[in-house]
>>> print(open('upload-v7.cif').read())   # mmCIF, C-alpha atoms
data_entry
loop_
_atom_site.label_atom_id
_atom_site.label_comp_id
_atom_site.auth_asym_id
_atom_site.auth_seq_id
_atom_site.Cartn_x
_atom_site.Cartn_y
_atom_site.Cartn_z
CA MET A 1 -149.59 8.64 -81.07
CA GLY A 2 -147.74 11.69 -79.84
CA ASP A 3 -149.13 14.36 -77.57
CA MET A 4 -147.85 17.05 -75.33
CA CYS A 5 -147.24 17.65 -71.70
CA GLY A 6 -149.94 20.13 -70.75
CA ILE A 7 -147.55 22.64 -69.30
CA CYS A 8 -144.29 22.26 -71.19
CA GLY A 9 -145.47 21.34 -74.67
CA GLU A 10 -142.96 18.47 -74.69
CA LEU A 11 -143.89 15.86 -77.28
CA ARG A 12 -144.65 12.61 -75.51
CA SER A 13 -145.96 9.30 -76.73
CA HIS A 14 -148.90 8.45 -74.61
CA ILE A 15 -152.67 8.59 -74.63
CA HIS A 16 -153.94 11.47 -72.53
CA TRP A 17 -156.12 10.26 -69.69
CA THR A 18 -159.18 12.13 -70.97
CA GLU A 19 -158.99 10.20 -74.26
CA ARG A 20 -159.06 6.86 -72.54
CA ILE A 21 -162.24 4.87 -72.06
CA PRO A 22 -161.27 3.06 -68.89
CA TRP A 23 -164.08 0.52 -69.10
CA VAL A 24 -162.86 -0.58 -72.54
CA LYS A 25 -159.45 -1.99 -73.45
CA ASP A 26 -157.34 0.31 -75.68
CA GLU A 27 -157.05 -2.32 -78.42
CA GLU A 28 -160.85 -2.65 -78.62
CA VAL A 29 -161.10 1.11 -79.25
CA GLU A 30 -158.82 0.66 -82.25
CA SER A 31 -160.74 -2.32 -83.60
CA GLY A 32 -163.93 -0.49 -84.56
CA GLY A 33 -167.57 -1.47 -84.09
CA GLU A 34 -169.61 -0.52 -81.05
CA VAL A 35 -166.58 0.52 -79.02
CA ALA A 36 -165.40 2.86 -81.77
CA ARG A 37 -168.83 4.46 -81.73
CA VAL A 38 -168.53 5.04 -77.97
CA ALA A 39 -165.10 6.60 -78.50
CA ARG A 40 -166.50 8.84 -81.21
CA ARG A 41 -169.48 9.88 -79.09
CA LEU A 42 -167.17 10.80 -76.20
CA ARG A 43 -164.91 12.76 -78.55
CA MET A 44 -167.89 14.68 -79.97
CA LYS A 45 -169.14 15.34 -76.44
CA ARG A 46 -165.74 16.68 -75.37
CA ALA A 47 -165.69 18.98 -78.38
CA MET A 48 -169.22 20.17 -77.54
CA VAL A 49 -168.36 20.82 -73.89
CA VAL A 50 -165.14 22.65 -74.76
CA GLY A 51 -167.09 24.62 -77.38
CA ARG A 52 -169.51 25.90 -74.76
CA ILE A 53 -166.66 26.95 -72.50
CA LEU A 54 -164.77 28.69 -75.30
CA ALA A 55 -167.82 30.41 -76.83
CA PRO A 56 -167.69 33.50 -74.57
CA TYR A 57 -164.05 33.96 -75.56
CA GLY A 58 -164.83 33.91 -79.27
CA LEU A 59 -163.17 30.56 -79.97
CA THR A 60 -164.76 27.57 -81.67
CA ILE A 61 -163.79 23.92 -81.70
CA ARG A 62 -164.76 20.94 -83.76
CA ASP A 63 -163.81 17.35 -84.10
CA TRP A 64 -161.16 16.97 -86.83
CA GLU A 65 -161.48 13.76 -88.81
CA GLY A 66 -162.40 11.75 -85.75
CA GLY A 67 -158.93 11.88 -84.26
CA LYS A 68 -158.05 15.48 -83.44
CA TYR A 69 -159.65 18.79 -82.55
CA LEU A 70 -159.59 21.99 -84.61
CA ILE A 71 -159.77 25.26 -82.67
CA SER A 72 -160.29 28.58 -84.42
CA ASP A 73 -160.51 32.20 -83.37
CA MET A 74 -162.52 35.02 -84.96
CA LYS A 75 -159.51 36.24 -86.94
CA GLY A 76 -159.39 32.98 -88.80
CA GLN A 77 -156.42 31.48 -87.00
CA SER A 78 -156.79 27.73 -86.57
CA VAL A 79 -154.82 25.09 -84.75
CA ILE A 80 -155.16 21.30 -84.77
CA VAL A 81 -154.46 19.53 -81.50
CA ASN A 82 -154.46 15.87 -80.54
CA ASP A 83 -156.19 16.05 -77.21
CA LEU A 84 -157.02 18.24 -74.22
CA ALA A 85 -153.38 18.22 -73.08
CA GLY A 86 -152.53 20.02 -76.31
CA LEU A 87 -155.70 22.08 -76.37
CA TRP A 88 -155.45 24.20 -73.23
CA PRO A 89 -151.97 25.58 -74.00
CA TRP A 90 -153.12 26.57 -77.50
CA VAL A 91 -156.25 28.21 -76.13
CA GLU A 92 -153.97 30.18 -73.81
CA LYS A 93 -151.81 31.27 -76.77
CA LEU A 94 -154.79 32.30 -78.87
CA LEU A 95 -156.48 34.20 -76.03
CA GLY A 96 -153.42 35.53 -74.28
CA LYS A 97 -154.80 34.11 -71.03
CA THR A 98 -155.74 30.80 -69.48
CA VAL A 99 -159.34 29.65 -69.28
CA ASP A 100 -160.13 29.33 -65.58
CA PRO A 101 -162.94 26.93 -64.60
CA LEU A 102 -163.12 28.72 -61.24
CA ASP A 103 -163.69 32.12 -62.84
CA GLU A 104 -166.96 33.60 -61.52
CA GLU A 105 -167.89 35.18 -64.84
CA LEU A 106 -167.40 31.93 -66.74
CA LEU A 107 -169.44 30.02 -64.14
CA GLU A 108 -172.25 32.58 -64.36
CA TYR A 109 -172.17 32.31 -68.15
CA LEU A 110 -172.35 28.52 -68.01
CA LYS A 111 -175.26 28.65 -65.57
CA GLY A 112 -177.13 30.90 -67.97
CA ALA A 113 -176.18 28.91 -71.06
CA GLY A 114 -177.22 25.60 -69.57
CA GLY A 115 -180.19 26.81 -67.59
CA GLY A 116 -178.56 25.36 -64.48
CA MET B 1 -148.54 -7.45 -65.45
CA THR B 2 -148.51 -3.87 -64.28
CA ARG B 3 -146.13 -3.28 -61.40
CA LYS B 4 -147.48 -1.09 -58.62
CA VAL B 5 -145.19 1.79 -57.78
CA ILE B 6 -144.97 3.17 -54.27
CA ILE B 7 -143.14 6.49 -53.95
CA LEU B 8 -141.45 6.74 -50.58
CA THR B 9 -140.68 10.31 -49.65
CA GLY B 10 -139.58 12.16 -46.52
CA PHE B 11 -136.66 14.23 -45.37
CA LEU B 12 -133.12 12.92 -45.00
CA GLY B 13 -132.91 11.24 -41.62
CA SER B 14 -136.65 10.65 -41.34
CA GLY B 15 -136.18 6.88 -41.59
CA LYS B 16 -137.23 6.06 -45.15
CA THR B 17 -134.71 3.27 -45.72
CA THR B 18 -135.20 1.87 -42.21
CA LEU B 19 -138.92 1.69 -42.88
CA LEU B 20 -138.37 0.05 -46.26
CA ARG B 21 -136.03 -2.52 -44.75
CA GLY B 22 -138.55 -3.14 -41.96
CA VAL B 23 -141.56 -3.77 -44.19
CA ILE B 24 -139.63 -5.89 -46.71
CA SER B 25 -138.18 -8.05 -43.92
CA ARG B 26 -141.70 -8.78 -42.68
CA LEU B 27 -142.98 -9.90 -46.08
CA PRO B 28 -143.51 -13.63 -46.50
CA GLU B 29 -142.46 -13.31 -50.17
CA ARG B 30 -139.71 -10.77 -50.57
CA SER B 31 -139.51 -11.29 -54.32
CA LYS B 32 -142.81 -9.45 -54.60
CA VAL B 33 -140.94 -6.18 -54.03
CA LYS B 34 -138.13 -4.35 -55.76
CA ALA B 35 -136.70 -1.16 -54.35
CA VAL B 36 -135.04 1.75 -56.08
CA ILE B 37 -133.14 3.86 -53.59
CA ASN B 38 -131.04 6.97 -53.91
CA GLU B 39 -127.32 7.17 -53.32
CA LEU B 40 -127.75 9.06 -50.08
CA GLY B 41 -129.71 6.23 -48.48
CA GLU B 42 -129.06 6.01 -44.78
CA ALA B 43 -129.24 2.25 -44.34
CA SER B 44 -128.27 -0.74 -46.45
CA LEU B 45 -130.73 -3.11 -48.00
CA ASP B 46 -130.53 -6.62 -49.37
CA HIS B 47 -128.75 -6.06 -52.69
CA HIS B 48 -130.67 -8.24 -55.07
CA LEU B 49 -133.81 -6.31 -54.31
CA VAL B 50 -132.30 -2.95 -54.80
CA ARG B 51 -131.08 -0.64 -57.49
CA GLN B 52 -129.28 2.56 -56.59
CA LEU B 53 -129.74 5.77 -58.50
CA SER B 54 -127.99 9.05 -58.69
CA GLU B 55 -130.71 11.48 -59.51
CA GLN B 56 -130.45 12.71 -63.10
CA VAL B 57 -133.21 15.05 -64.02
CA ARG B 58 -133.84 16.21 -67.55
CA LEU B 59 -135.41 19.61 -67.27
CA LEU B 60 -138.01 20.24 -69.89
CA GLY B 61 -138.81 23.68 -71.22
CA GLY B 62 -141.61 25.74 -69.76
CA GLY B 63 -140.42 25.95 -66.20
CA CYS B 64 -142.94 23.52 -64.77
CA ALA B 65 -141.28 21.85 -61.81
CA CYS B 66 -143.21 18.61 -62.02
CA CYS B 67 -142.88 18.01 -65.79
CA ASN B 68 -139.33 16.76 -65.53
CA ILE B 69 -138.10 13.44 -66.83
CA ARG B 70 -136.12 11.41 -64.33
CA GLU B 71 -133.74 9.81 -66.84
CA ASP B 72 -132.02 7.77 -64.16
CA LEU B 73 -135.37 6.26 -63.30
CA VAL B 74 -136.31 5.56 -66.93
CA LYS B 75 -133.05 3.67 -67.43
CA ALA B 76 -133.28 1.77 -64.15
CA LEU B 77 -136.88 0.68 -64.62
CA ARG B 78 -136.36 -0.25 -68.28
CA ASP B 79 -133.28 -2.30 -67.34
CA GLU B 80 -135.32 -4.09 -64.70
CA LEU B 81 -138.03 -4.84 -67.26
CA SER B 82 -135.45 -6.40 -69.60
CA LEU B 83 -134.10 -8.59 -66.80
CA GLU B 84 -137.62 -9.65 -65.85
CA MET B 85 -138.58 -10.45 -69.43
CA ARG B 86 -135.46 -12.59 -69.83
CA GLY B 87 -136.37 -14.38 -66.63
CA GLU B 88 -133.21 -13.24 -64.89
CA THR B 89 -135.06 -11.62 -62.00
CA PRO B 90 -138.59 -12.21 -60.71
CA THR B 91 -141.34 -9.83 -61.79
CA PRO B 92 -142.32 -7.88 -58.69
CA GLU B 93 -145.82 -6.91 -57.68
CA TYR B 94 -144.51 -3.69 -56.12
CA VAL B 95 -141.66 -1.32 -56.89
CA VAL B 96 -140.77 1.09 -54.11
CA ILE B 97 -138.97 4.23 -55.26
CA GLU B 98 -137.27 6.13 -52.48
CA THR B 99 -136.72 9.81 -53.16
CA THR B 100 -133.92 11.97 -51.83
CA GLY B 101 -134.93 14.15 -48.90
CA VAL B 102 -135.82 17.23 -50.87
CA SER B 103 -137.12 15.51 -53.99
CA ASP B 104 -140.54 16.27 -55.29
CA PRO B 105 -142.58 13.10 -55.98
CA ALA B 106 -144.24 14.76 -58.99
CA PRO B 107 -141.42 14.18 -61.53
CA ILE B 108 -141.39 10.47 -60.65
CA SER B 109 -145.09 10.38 -61.30
CA PHE B 110 -144.68 12.32 -64.56
CA THR B 111 -141.88 10.05 -65.75
CA ILE B 112 -143.80 6.83 -65.17
CA THR B 113 -147.07 8.15 -66.55
CA THR B 114 -145.62 9.51 -69.79
CA ASP B 115 -142.63 7.32 -70.71
CA PRO B 116 -143.67 5.30 -73.80
CA VAL B 117 -142.40 2.03 -72.31
CA LEU B 118 -142.83 2.50 -68.57
CA GLN B 119 -146.46 3.62 -68.78
CA HIS B 120 -147.45 0.11 -69.93
CA HIS B 121 -145.64 -1.73 -67.14
CA TYR B 122 -145.83 0.51 -64.10
CA ARG B 123 -148.51 2.55 -62.41
CA ILE B 124 -148.41 4.81 -59.38
CA HIS B 125 -150.05 2.94 -56.53
CA LYS B 126 -149.39 5.09 -53.52
CA ILE B 127 -147.28 7.86 -52.02
CA VAL B 128 -145.85 7.21 -48.56
CA ALA B 129 -144.15 9.95 -46.51
CA THR B 130 -142.04 9.43 -43.41
CA LEU B 131 -141.94 12.14 -40.76
CA SER B 132 -139.59 12.12 -37.80
CA THR B 133 -141.38 13.32 -34.68
CA VAL B 134 -138.14 14.89 -33.43
CA ASP B 135 -138.64 18.65 -33.58
CA ALA B 136 -141.27 17.96 -36.24
CA LEU B 137 -143.39 21.07 -35.77
CA ASN B 138 -140.42 23.40 -36.12
CA ASN B 139 -139.11 21.46 -39.11
CA LEU B 140 -142.48 21.62 -40.81
CA GLU B 141 -142.71 25.33 -40.14
CA ARG B 142 -139.35 25.91 -41.79
CA SER B 143 -139.71 23.61 -44.78
CA VAL B 144 -142.23 24.09 -47.54
CA GLU B 145 -140.90 20.91 -49.22
CA SER B 146 -141.63 18.90 -46.11
CA GLN B 147 -145.18 20.25 -45.94
CA LYS B 148 -145.68 19.43 -49.60
CA GLN B 149 -144.48 15.85 -49.09
CA LEU B 150 -147.11 15.38 -46.40
CA MET B 151 -149.82 17.02 -48.48
CA MET B 152 -149.17 14.62 -51.36
CA ALA B 153 -149.06 11.46 -49.26
CA ASP B 154 -151.63 8.69 -49.01
CA LEU B 155 -149.89 7.27 -45.96
CA ILE B 156 -147.84 9.23 -43.40
CA VAL B 157 -145.54 7.16 -41.20
CA LEU B 158 -144.36 8.81 -37.99
CA THR B 159 -140.85 7.71 -37.04
CA LYS B 160 -138.34 8.22 -34.20
CA LEU B 161 -141.12 7.90 -31.64
CA ASP B 162 -138.68 6.21 -29.27
CA ILE B 163 -136.82 9.54 -29.12
CA GLU B 164 -139.79 11.88 -29.09
CA PRO B 165 -143.37 10.70 -28.68
CA ARG B 166 -146.03 12.10 -30.96
CA SER B 167 -147.99 15.10 -29.75
CA GLU B 168 -151.58 16.06 -30.40
CA ALA B 169 -150.34 19.35 -31.82
CA LEU B 170 -148.31 17.47 -34.43
CA ILE B 171 -151.24 15.27 -35.43
CA GLU B 172 -153.41 18.38 -35.65
CA LYS B 173 -150.81 20.02 -37.89
CA ILE B 174 -150.60 16.99 -40.18
CA ARG B 175 -154.38 16.76 -40.37
CA SER B 176 -154.57 20.42 -41.28
CA LEU B 177 -152.17 19.80 -44.16
CA ASN B 178 -153.71 16.57 -45.40
CA PRO B 179 -156.90 15.27 -43.81
CA ALA B 180 -157.14 12.49 -46.39
CA ALA B 181 -153.94 10.68 -45.44
CA GLU B 182 -153.76 7.69 -43.12
CA ILE B 183 -151.34 8.34 -40.22
CA VAL B 184 -149.48 5.43 -38.61
CA GLU B 185 -146.43 4.95 -36.38
CA ALA B 186 -143.31 2.86 -36.93
CA VAL B 187 -140.54 2.56 -34.37
CA ARG B 188 -137.25 1.44 -36.01
CA GLY B 189 -139.04 0.45 -39.20
CA GLU B 190 -141.53 -1.87 -37.53
CA LEU B 191 -144.69 -1.60 -39.59
CA ASP B 192 -147.19 -4.18 -40.80
CA PRO B 193 -146.41 -4.62 -44.53
CA ASN B 194 -150.14 -4.70 -45.30
CA ILE B 195 -150.45 -1.09 -44.13
CA PHE B 196 -147.51 -0.07 -46.29
CA PHE B 197 -148.54 -1.87 -49.46
CA ARG B 198 -152.34 -1.75 -49.48
CA ALA B 199 -154.09 0.61 -51.86
CA GLY B 200 -154.00 4.24 -50.91
CA MET B 201 -157.47 4.84 -52.23
CA PRO B 202 -160.67 3.12 -51.21
CA ARG B 203 -162.14 1.12 -54.09
CA THR B 204 -165.61 2.01 -52.94
CA ILE B 205 -166.80 4.66 -50.59
CA GLN B 206 -168.22 2.16 -48.12
CA GLU B 207 -164.75 1.00 -47.26
CA HIS B 208 -163.63 4.28 -45.91
CA LEU B 209 -165.84 7.23 -45.19
CA PRO B 210 -163.92 10.40 -44.41
CA ASN B 211 -162.99 10.79 -40.79
CA THR B 212 -162.24 14.46 -41.12
CA ARG B 213 -163.76 17.57 -39.66
CA ALA B 214 -165.51 20.34 -41.48
CA GLY B 215 -163.87 23.68 -42.03
CA ARG B 216 -160.57 22.51 -43.45
CA SER B 217 -159.24 25.12 -45.78
CA ASN B 218 -157.24 22.90 -48.07
CA TYR B 219 -159.30 19.77 -48.49
CA LEU B 220 -162.32 18.80 -50.52
CA SER B 221 -164.10 15.51 -50.07
CA VAL B 222 -167.41 15.14 -51.81
CA ILE B 223 -169.62 12.10 -52.21
CA PHE B 224 -172.52 12.21 -54.62
CA ALA B 225 -175.17 10.06 -56.19
CA GLY B 226 -175.93 9.93 -59.89
CA GLU B 227 -173.88 9.20 -62.97
CA VAL B 228 -171.10 11.45 -64.14
CA ASP B 229 -170.43 12.00 -67.84
CA TRP B 230 -166.83 10.95 -68.45
CA ALA B 231 -166.36 13.51 -71.24
CA VAL B 232 -167.65 16.43 -69.14
CA PHE B 233 -165.59 15.36 -66.15
CA GLY B 234 -162.43 15.08 -68.28
CA VAL B 235 -162.87 18.54 -69.76
CA TRP B 236 -163.54 20.10 -66.36
CA LEU B 237 -160.65 18.42 -64.54
CA SER B 238 -158.11 18.92 -67.34
CA ALA B 239 -158.96 22.64 -67.56
CA LEU B 240 -158.82 22.98 -63.78
CA LEU B 241 -155.45 21.25 -63.51
CA TYR B 242 -154.00 23.20 -66.43
CA LYS B 243 -154.83 26.44 -64.66
CA HIS B 244 -154.38 25.43 -61.02
CA GLY B 245 -152.30 22.21 -61.06
CA ASP B 246 -149.55 23.80 -59.00
CA ARG B 247 -152.08 24.39 -56.20
CA ILE B 248 -154.01 21.13 -56.42
CA LEU B 249 -151.51 18.75 -54.93
CA ARG B 250 -153.55 15.57 -55.07
CA VAL B 251 -156.68 14.42 -56.84
CA LYS B 252 -158.37 11.14 -56.12
CA ALA B 253 -161.73 10.15 -57.48
CA VAL B 254 -164.06 7.23 -57.87
CA ILE B 255 -166.50 8.17 -60.61
CA ASN B 256 -169.72 6.34 -61.43
CA VAL B 257 -169.91 6.50 -65.23
CA GLY B 258 -173.09 4.40 -65.45
CA GLY B 259 -174.00 0.78 -66.06
CA GLY B 260 -172.09 -0.39 -63.01
CA ASP B 261 -168.84 0.95 -64.46
CA PHE B 262 -166.62 2.99 -62.18
CA VAL B 263 -163.42 4.87 -62.93
CA LEU B 264 -160.68 5.31 -60.38
CA LEU B 265 -158.54 8.40 -60.88
CA ASN B 266 -155.36 9.31 -59.06
CA GLY B 267 -153.25 12.35 -59.75
CA VAL B 268 -150.34 14.37 -58.45
CA GLN B 269 -150.58 18.07 -59.34
CA HIS B 270 -151.56 18.25 -63.01
CA ILE B 271 -150.43 14.70 -63.78
CA ILE B 272 -153.31 12.25 -63.81
CA HIS B 273 -152.30 8.61 -63.94
CA ALA B 274 -153.96 6.20 -66.35
CA PRO B 275 -157.52 5.80 -65.07
CA GLU B 276 -158.51 2.37 -63.79
CA HIS B 277 -161.84 0.65 -64.19
CA PHE B 278 -163.81 -1.52 -61.84
CA LYS B 279 -167.36 -2.82 -61.62
CA ALA B 280 -169.64 -2.10 -58.70
CA ASP B 281 -173.30 -1.77 -57.87
CA PRO B 282 -174.78 0.81 -60.28
CA GLY B 283 -176.31 2.59 -57.28
CA GLU B 284 -172.90 3.15 -55.72
CA ARG B 285 -172.02 6.77 -55.25
CA SER B 286 -169.07 8.72 -56.62
CA ARG B 287 -166.37 10.41 -54.60
CA LEU B 288 -163.96 13.21 -55.33
CA ILE B 289 -161.06 14.15 -53.05
CA MET B 290 -158.64 17.01 -53.53
CA VAL B 291 -155.82 18.35 -51.37
CA THR B 292 -155.30 21.97 -52.32
CA ARG B 293 -152.95 24.79 -51.41
CA ASP B 294 -154.05 28.44 -51.43
CA ILE B 295 -157.26 27.59 -53.19
CA ASP B 296 -160.73 27.47 -51.70
CA PRO B 297 -162.14 23.95 -52.13
CA SER B 298 -165.70 25.27 -51.97
CA VAL B 299 -165.07 27.19 -55.20
CA VAL B 300 -163.78 24.00 -56.81
CA LEU B 301 -166.95 22.17 -55.81
CA LYS B 302 -169.15 24.99 -57.08
CA SER B 303 -167.32 24.88 -60.42
CA PHE B 304 -167.75 21.10 -60.65
CA GLN B 305 -171.48 21.39 -59.92
CA ILE B 306 -172.03 24.14 -62.47
CA PHE B 307 -170.05 22.39 -65.19
CA HIS B 308 -171.95 19.18 -64.59
CA ARG B 309 -175.40 20.76 -64.50
CA SER B 310 -174.88 23.33 -67.22
CA LEU B 311 -173.52 20.96 -69.79
CA GLY B 312 -176.66 18.95 -70.19
CA GLU B 313 -176.44 16.55 -67.32
CA PRO B 314 -179.11 15.88 -64.72
CA PRO B 315 -178.41 17.32 -61.26
CA LEU B 316 -176.19 15.16 -59.12
CA GLY B 317 -178.08 13.83 -56.15
CA GLU B 318 -177.35 13.86 -52.45
CA TYR B 319 -174.11 15.57 -51.66
CA VAL B 320 -172.04 14.85 -48.61
CA ALA B 321 -169.21 17.34 -48.70
CA GLU B 322 -166.40 18.31 -46.41
CA GLY B 323 -163.67 20.85 -46.52
CA GLY B 324 -164.07 24.61 -46.66
CA ALA B 325 -167.59 25.97 -46.90
CA VAL B 326 -168.86 23.44 -49.38
CA HIS B 327 -172.57 24.02 -49.20
CA GLY B 328 -172.67 26.31 -52.27
#
>>> encode(input="upload-v7.cif", output="structure tokens")
Amino acid sequence: MGDMCGICGELRSHIHWTERIPWVKDEEVESGGEVARVARRLRMKRAMVVGRILAPYGLTIRDWEGGKYLISDMKGQSVIVNDLAGLWPWVEKLLGKTVDPLDEELLEYLKGAGGG
Amino acid sequence: MTRKVIILTGFLGSGKTTLLRGVISRLPERSKVKAVINELGEASLDHHLVRQLSEQVRLLGGGCACCNIREDLVKALRDELSLEMRGETPTPEYVVIETTGVSDPAPISFTITTDPVLQHHYRIHKIVATLSTVDALNNLERSVESQKQLMMADLIVLTKLDIEPRSEALIEKIRSLNPAAEIVEAVRGELDPNIFFRAGMPRTIQEHLPNTRAGRSNYLSVIFAGEVDWAVFGVWLSALLYKHGDRILRVKAVINVGGGDFVLLNGVQHIIHAPEHFKADPGERSRLIMVTRDIDPSVVLKSFQIFHRSLGEPPLGEYVAEGGAVHG
């Protein structure tokens, strides 16, 4: 499976660390069953979490056929990415700026959105 | 078997090769270690343990200094793998890679973590930096690279103490750069191999509580109870490192993901190595350590707390935090 270096966009063949389930062996993830369900749940959760972060910027994300993510902006542009290493650079291209988890406004938004 | 890689960094003349020779000579089983040294090495080593490199860096597009492929390293480590698989050389437990004086450890880390072959056979175990005490404060003042080497290190070995003894001011300076690192001394390469080779990260927090002082501006150490959602943590950390990876020099974490499962994370700038798993008491707490540059660790902690709480997780219990004003 190919994915990209988060900064350079270089195509590399490795599983991004966020896609790994460290308490399960990689080959078990591929084999289906209960482990595959855990992998799918984590993937859906990542998409949900990213969706909440991107919402104030007008971007949406959804799981794409259980193996990739589809991000879209309000003008109808869509991009399919393999993982979070590929996602953040595309978000930057679509928005013209980088999403900053330290940004006060984003943190205030998240506090409000999550009731935290 | 995954070979544990130790990156040995430090300026030219700071005693890297002398230290390497010293620790290998004290090992009961020398075949446990292979060394990869650069052409400018200042001392010779037993040849069958060693491979020499001339640094060949493939610069990737995008201008990110740490996302470079060390092609010399890829070739050397793949060649070693072939020899080991054919039974022509023993399979080592450790591979020590010595950098040139001004080299950045990050490309080595990037190369090993992303190469399609190497990533399955090698993992970054530890970064060791040597620092000569001779005129050290002035040298550190002048050299950003030297400061960065210390900030990235798990273990800092002071050398040349027979010429100039260590000073409190120097220790204070090192601590201000990297409170998380262990600092030891080695005169003419004399160091207990266990100190050199043991893991640079405590497996559980009981083994090593932080011995640092509050108010550090570039260091975050937080210990917390409660389970952490792996998906939420991955999104938060990947976004943080994409934006600020050039200013977060090291990340280390032990994360309680529930059910007695713990994940050990270790990263250099925005490169996170393959996470490791271990079992522990489900009540064990999590720990997150970051060494930062020009970034307020208290803001990082606040962001972590808000992401965790706002994305549907229960509040994390009982914080013990150090570094910056981390009570937010």
>>> atom_distance(input="upload-v7.cif", atom1="CA of Lys148 (chain B)", atom2="CA of Ala76 (chain B)")
26.0 Å
>>> atom_distance(input="upload-v7.cif", atom1="CA of Leu12 (chain B)", atom2="CA of Ile271 (chain B)")
25.6 Å
>>> closest_residue(input="upload-v7.cif", among="A:Gly76, A:Gly33, A:Pro101, A:Gly96", to="chain B", atoms="all atoms listed in the file")
A:Pro101
>>> closest_residue(input="upload-v7.cif", among="B:Glu71, B:Asp154, B:Glu88, B:Asp192", to="Arg26 (chain B)", atoms="all atoms listed in the file")
B:Asp192
>>> resolve_selection(input="upload-v7.cif", expression="the PyMOL selection byres ((chain B) within 8 of (chain A))", output="JSON, numbers by chain")
{"B": [60, 61, 62, 63, 64, 67, 114, 115, 116, 119, 230, 231, 232, 234, 235, 236, 238, 239, 240, 242, 243, 261, 262, 263, 272, 273, 274, 275, 276, 277, 278, 299, 300, 303, 306, 307, 309, 310, 311, 312]}
>>> resolve_selection(input="upload-v7.cif", expression="the PyMOL selection byres ((chain B and resi 73) around 8)", output="PyMOL selection string")
chain B and resi 53+55+70-72+74-77+108+111
>>> resolve_selection(input="upload-v7.cif", expression="the PyMOL selection byres ((chain B and resi 123) around 8)", output="list in words")
Thr2, Arg3, Lys4, Val5, Ile112, Thr113, Gln119, His120, His121, Tyr122, Ile124, His125, His273 and Ala274 of chain B
>>> closest_residue(input="upload-v7.cif", among="B:Thr91, B:Ser286, B:Thr130, B:Asn218", to="Leu265 (chain B)", atoms="all atoms listed in the file")
B:Ser286
>>> atom_distance(input="upload-v7.cif", atom1="CA of Ala253 (chain B)", atom2="CA of Glu145 (chain B)")
24.9 Å
>>> residues_around(input="upload-v7.cif", residues="Asp229 (chain B)", least_positions_apart="2", cutoff="9 Å", atoms="only C-alpha atoms", output="MDAnalysis selection string")
chainID B and resid 227 231:234 256:258 308 313
